[in-house]
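**Student:** I am attaching a structure below and will ask some questions about it afterwards.
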Amino acid sequence: MKKLSDLVHAGKYAEAQQLTTGLLVAYTDDQRLIKAKALLDRSLASSKSPDPAASSNPPTTDAASIPPATNTAANQITGMDKVDYNALIELARQAQQTTDLDAQKKPLRQFMDQSDAFLQKHPDQVLLWQLRAASAISLNDPTAGYAAGQKLLAAGVADSNDPAVQRLLGQLKNKGWLDKQEAERQSSYVWILGTWTFSSSRTDKHGNVVTTGGHIIEFSGPSSDSYIEGYTFHDHPILNIRINTPDSGAIRCEHMAVARVWKPASCQAGDQNRSMRIVFTALLEKDDYKFTWLLSKK
């Protein structure tokens, strides 16, 4: 509760909401958490979070709250397949009980990888599709979310009276992930969102190079004008870079120049979208310098 309070006082409402959701998996009847979750949901729905990182980590669905009792097909699994099935359920629950957001991603990705192979053999396991949909929301993965949503709709869960299932479908709908075209559009840029580390080098007109490292940039959005905004952090967040949200998959970058004017920047992704190279020219101490930022996904 102290960590939750600290996040709220720091203005990190989306992170506080995500922590609350994870804690509710382990402490489902805690009235303090239930009330805090409701307040955070209303706050984020009614206003834009002051935390520039907030929108890069959308609220998670507590996957462990989806009741397995209705998944009667699971009773037909036998032998090692049944062991694998139960291991997947446990892996998903452990991931959702992890309160550290970075630590949560590793078991969630492990669950997504292992359940993908399992569902190719047993595609009728509705509970696993529910858990995959919830995990996709936690990982902000539109492609996996769309695929899970289509499987759930085909299984007829839209007619379910289970509030947890209906909430899950509602989240997929609100994110646009029940629409193939919108899910594909979001997939073209969602990899940019989140925290990156980067080193920066600047080259003057004489070819002299100065390199610094250990910087952080946080990408969030898209904004109302369809740009992903990149904030670097010093004494306070500073908007330095913005990237368009392309339909074609080709990204286009701009940097904030003097007089708060946006100027074109070269932007290239690599390492399966786990790295980026941004190059731009900026005025520094009355001279133009070429800046090169080498970004790595944190």
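Just so we're on the same page: first chain in the structure tokens is A, next is B, and so on; residues restart at 1 for each chain, and ligands are numbered from 1 in the order they show up.
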Using only C-alpha atoms, which protein or nucleic acid residues come within 9 Å of Thr98 of chain A? Drop anything in the same chain fewer than 4 positions from it, and give the result as a list in words.
**Tutor:**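 Those residues are Leu19, Gly22, Leu23, Arg93, Gln94, Ala103 and Gln104 of chain A.
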**Student:** Restrict the selected residues to C-alpha atoms and save them as an mmCIF file, in the first residue's frame.
**Tutor:**
data_model
loop_
_atom_site.group_PDB
_atom_site.id
_atom_site.type_symbol
_atom_site.label_atom_id
_atom_site.label_comp_id
_atom_site.auth_asym_id
_atom_site.auth_seq_id
_atom_site.Cartn_x
_atom_site.Cartn_y
_atom_site.Cartn_z
ATOM 1 C CA LEU A 19 0.105 -2.515 -9.560
ATOM 2 C CA GLY A 22 -1.789 -7.320 -9.898
ATOM 3 C CA LEU A 23 -2.333 -7.120 -6.146
ATOM 4 C CA ARG A 93 -1.258 -16.752 -12.430
ATOM 5 C CA GLN A 94 2.295 -16.286 -11.166
ATOM 6 C CA ALA A 103 9.568 -8.671 -13.886
ATOM 7 C CA GLN A 104 6.010 -9.496 -14.955
#
**Student:** Can you pull out the residues contacting segment 255-259 of chain A? Cut-off 8 Å, using only C-alpha atoms, and skip same-chain residues under 5 positions away; I want them as an NGL selection string.
**Tutor:** :A and (239-242 or 264-265 or 280 or 282-283)
**Student:** What's around Thr203 of chain A at 7 Å? Count only C-alpha atoms, leave out sequence neighbours fewer than 5 positions away in its own chain, and write the answer as a list in words.
**Tutor:** Asn208, Val209, Val210, Tyr289, Lys290 and Phe291 of chain A
**Student:** Since we have the selection now, will you write its residues out, keeping C-alpha atoms, as a CSV table (one decimal), in the first residue's frame?
**Tutor:**
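Written out: result.csv:
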chain,number,residue,atom,x,y,z
A,208,ASN,CA,35.2,16.0,-33.6
A,209,VAL,CA,33.0,13.5,-31.8
A,210,VAL,CA,31.8,13.6,-28.2
A,289,TYR,CA,26.1,19.6,-34.6
A,290,LYS,CA,25.1,16.2,-36.0
A,291,PHE,CA,23.6,14.1,-33.2
**Student:** Quick one: everything within 12 Å of Gln110 of chain A, counting only C-alpha atoms, minus sequence neighbours fewer than 4 positions away in the same chain. Send it as number ranges by chain.
**Tutor:** A: 87-92, 94-95, 103-106, 114-117, 132, 135, 139
**Student:** May I ask which of the residues A:Thr232, A:Gly149, A:Ala133, A:Leu128 is the closest one to Asp179 of chain A, counting only C-alpha atoms?
**Tutor:**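 Using only C-alpha atoms, Asp179 of chain A sits closest to A:Gly149.
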**Student:** What gap, in Å, lies between atom CA of Gly213 of chain A and atom CA of Pro246 of chain A?
**Tutor:**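 About the pair atom CA of Gly213 of chain A and atom CA of Pro246 of chain A: they are 29.3 Å apart.
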**Student:** Tell me, as a PyMOL selection string, which residues lie within 12 Å of Val190 of chain A, counting only C-alpha atoms; anything in the same chain fewer than 2 positions away does not count.
**Tutor:** chain A and resi 55-58+137+139-143+182-188+192-194+219-222+227-228+243-247+249+251+273-274
**Student:** Put those residues in a file: N, CA and C atoms, as an mmCIF file, in the first residue's frame.
**Tutor:**
data_model
loop_
_atom_site.group_PDB
_atom_site.id
_atom_site.type_symbol
_atom_site.label_atom_id
_atom_site.label_comp_id
_atom_site.auth_asym_id
_atom_site.auth_seq_id
_atom_site.Cartn_x
_atom_site.Cartn_y
_atom_site.Cartn_z
ATOM 1 N N SER A 55 0.801 6.049 -20.737
ATOM 2 C CA SER A 55 0.057 5.439 -21.808
ATOM 3 C C SER A 55 0.821 4.331 -22.499
ATOM 4 N N SER A 56 2.095 4.178 -22.230
ATOM 5 C CA SER A 56 2.852 3.102 -22.857
ATOM 6 C C SER A 56 2.618 1.778 -22.155
ATOM 7 N N ASN A 57 2.052 1.796 -20.959
ATOM 8 C CA ASN A 57 1.747 0.582 -20.225
ATOM 9 C C ASN A 57 0.277 0.579 -19.851
ATOM 10 N N PRO A 58 -0.622 0.136 -20.732
ATOM 11 C CA PRO A 58 -2.039 0.198 -20.467
ATOM 12 C C PRO A 58 -2.436 -0.713 -19.328
ATOM 13 N N ILE A 137 -3.052 -7.904 -23.411
ATOM 14 C CA ILE A 137 -3.336 -6.553 -22.913
ATOM 15 C C ILE A 137 -2.201 -6.089 -22.018
ATOM 16 N N LEU A 139 0.893 -7.040 -22.108
ATOM 17 C CA LEU A 139 2.098 -6.848 -22.909
ATOM 18 C C LEU A 139 1.899 -5.826 -24.023
ATOM 19 N N ASN A 140 0.678 -5.308 -24.155
ATOM 20 C CA ASN A 140 0.334 -4.356 -25.214
ATOM 21 C C ASN A 140 0.661 -4.950 -26.586
ATOM 22 N N ASP A 141 0.114 -6.136 -26.849
ATOM 23 C CA ASP A 141 0.373 -6.873 -28.082
ATOM 24 C C ASP A 141 -0.924 -6.969 -28.887
ATOM 25 N N PRO A 142 -1.162 -6.034 -29.815
ATOM 26 C CA PRO A 142 -2.418 -6.037 -30.567
ATOM 27 C C PRO A 142 -2.633 -7.298 -31.404
ATOM 28 N N THR A 143 -1.569 -7.845 -31.990
ATOM 29 C CA THR A 143 -1.701 -9.021 -32.847
ATOM 30 C C THR A 143 -2.203 -10.223 -32.055
ATOM 31 N N GLU A 182 -7.549 -2.359 -37.473
ATOM 32 C CA GLU A 182 -7.052 -1.499 -36.405
ATOM 33 C C GLU A 182 -5.949 -2.196 -35.616
ATOM 34 N N ALA A 183 -6.099 -3.490 -35.364
ATOM 35 C CA ALA A 183 -5.056 -4.233 -34.649
ATOM 36 C C ALA A 183 -3.759 -4.242 -35.454
ATOM 37 N N GLU A 184 -3.869 -4.410 -36.772
ATOM 38 C CA GLU A 184 -2.670 -4.386 -37.614
ATOM 39 C C GLU A 184 -2.041 -2.999 -37.632
ATOM 40 N N ARG A 185 -2.865 -1.953 -37.638
ATOM 41 C CA ARG A 185 -2.339 -0.587 -37.626
ATOM 42 C C ARG A 185 -1.563 -0.321 -36.343
ATOM 43 N N GLN A 186 -2.132 -0.729 -35.214
ATOM 44 C CA GLN A 186 -1.446 -0.516 -33.942
ATOM 45 C C GLN A 186 -0.159 -1.341 -33.859
ATOM 46 N N SER A 187 -0.171 -2.528 -34.445
ATOM 47 C CA SER A 187 1.024 -3.378 -34.404
ATOM 48 C C SER A 187 2.201 -2.746 -35.123
ATOM 49 N N SER A 188 1.919 -1.828 -36.050
ATOM 50 C CA SER A 188 2.994 -1.202 -36.817
ATOM 51 C C SER A 188 3.810 -0.229 -35.981
ATOM 52 N N ILE A 192 7.294 0.654 -30.438
ATOM 53 C CA ILE A 192 8.049 1.855 -30.073
ATOM 54 C C ILE A 192 7.770 2.264 -28.630
ATOM 55 N N LEU A 193 6.573 2.004 -28.146
ATOM 56 C CA LEU A 193 6.150 2.502 -26.845
ATOM 57 C C LEU A 193 6.970 1.895 -25.709
ATOM 58 N N GLY A 194 7.153 2.672 -24.654
ATOM 59 C CA GLY A 194 7.861 2.183 -23.475
ATOM 60 C C GLY A 194 9.191 2.882 -23.257
ATOM 61 N N PHE A 219 8.717 6.657 -24.608
ATOM 62 C CA PHE A 219 7.779 6.924 -25.692
ATOM 63 C C PHE A 219 6.366 6.577 -25.242
ATOM 64 N N SER A 220 5.444 7.506 -25.452
ATOM 65 C CA SER A 220 4.048 7.286 -25.081
ATOM 66 C C SER A 220 3.148 7.835 -26.172
ATOM 67 N N GLY A 221 1.901 7.449 -26.141
ATOM 68 C CA GLY A 221 0.964 7.946 -27.133
ATOM 69 C C GLY A 221 0.203 6.806 -27.793
ATOM 70 N N PRO A 222 -0.342 7.043 -28.965
ATOM 71 C CA PRO A 222 -0.184 8.271 -29.744
ATOM 72 C C PRO A 222 -1.005 9.423 -29.196
ATOM 73 N N TYR A 227 0.863 11.260 -33.146
ATOM 74 C CA TYR A 227 2.307 11.135 -32.982
ATOM 75 C C TYR A 227 2.623 10.436 -31.661
ATOM 76 N N ILE A 228 3.640 9.589 -31.697
ATOM 77 C CA ILE A 228 4.200 9.021 -30.469
ATOM 78 C C ILE A 228 5.242 10.014 -29.957
ATOM 79 N N ILE A 243 7.373 10.586 -33.240
ATOM 80 C CA ILE A 243 7.377 9.621 -34.332
ATOM 81 C C ILE A 243 5.942 9.446 -34.806
ATOM 82 N N ASN A 244 5.743 9.448 -36.117
ATOM 83 C CA ASN A 244 4.389 9.269 -36.631
ATOM 84 C C ASN A 244 3.911 7.841 -36.402
ATOM 85 N N THR A 245 2.620 7.622 -36.491
ATOM 86 C CA THR A 245 2.049 6.279 -36.368
ATOM 87 C C THR A 245 1.636 5.819 -37.765
ATOM 88 N N PRO A 246 2.515 5.101 -38.437
ATOM 89 C CA PRO A 246 2.297 4.813 -39.863
ATOM 90 C C PRO A 246 1.319 3.667 -40.093
ATOM 91 N N ASP A 247 0.657 3.696 -41.228
ATOM 92 C CA ASP A 247 -0.149 2.562 -41.670
ATOM 93 C C ASP A 247 0.700 1.580 -42.468
ATOM 94 N N GLY A 249 4.005 0.947 -41.990
ATOM 95 C CA GLY A 249 5.095 0.337 -41.241
ATOM 96 C C GLY A 249 6.367 1.145 -41.290
ATOM 97 N N ILE A 251 8.450 4.223 -40.333
ATOM 98 C CA ILE A 251 8.354 5.262 -39.316
ATOM 99 C C ILE A 251 9.049 6.535 -39.799
ATOM 100 N N ASN A 273 13.202 -4.729 -34.112
ATOM 101 C CA ASN A 273 12.537 -3.615 -33.423
ATOM 102 C C ASN A 273 12.937 -3.493 -31.949
ATOM 103 N N ARG A 274 14.125 -3.985 -31.608
ATOM 104 C CA ARG A 274 14.618 -3.822 -30.239
ATOM 105 C C ARG A 274 15.669 -2.715 -30.156
#
**Student:** How many Å lie between atom CA of Leu284 of chain A and atom CA of Ser296 of chain A, rounded to one decimal?
**Tutor:**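 Computing the Euclidean distance for atom CA of Leu284 of chain A and atom CA of Ser296 of chain A yields 25.1 Å.
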**Student:** Would you please give, as a PyMOL selection string, all residues of segment 110-183 of chain A that DSSP assigns to helix (DSSP H, G or I) based on the backbone?
**Tutor:** chain A and resi 110-121+126-139+142-154+157-159+163-174+180-183
**Student:** Determine, counting only C-alpha atoms, which protein, DNA and RNA residues have an atom within 6 Å of an atom of Thr292 of chain A; residues of the same chain fewer than 3 positions away are not included. Present the result as a compact mmCIF listing (two decimals) with C-alpha atoms, in the first residue's frame.
**Tutor:**
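Okay, this is what ended up in around.txt:
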# COMPACT_ATOMS: atom_id res chain seq x y z
CA SER A 200 24.28 10.05 -27.66
CA SER A 201 27.15 11.31 -29.80
CA ILE A 278 17.99 8.48 -34.67
CA VAL A 279 20.12 11.12 -36.40
**Student:** With distances taken over only C-alpha atoms, which of A:Asp204, A:Gln268, A:Thr78, A:Gly230 is nearest to Asp288 of chain A?
**Tutor:**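 Of the candidates, the smallest distance to Asp288 of chain A is held by A:Asp204.
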**Student:** Hey, what does DSSP flag as strand (DSSP E) within segment 64-267 of chain A? Can you give it to me as a ChimeraX atom specification?
**Tutor:** /A:194-203,209-220,227-233,237-244,253-256,262-267
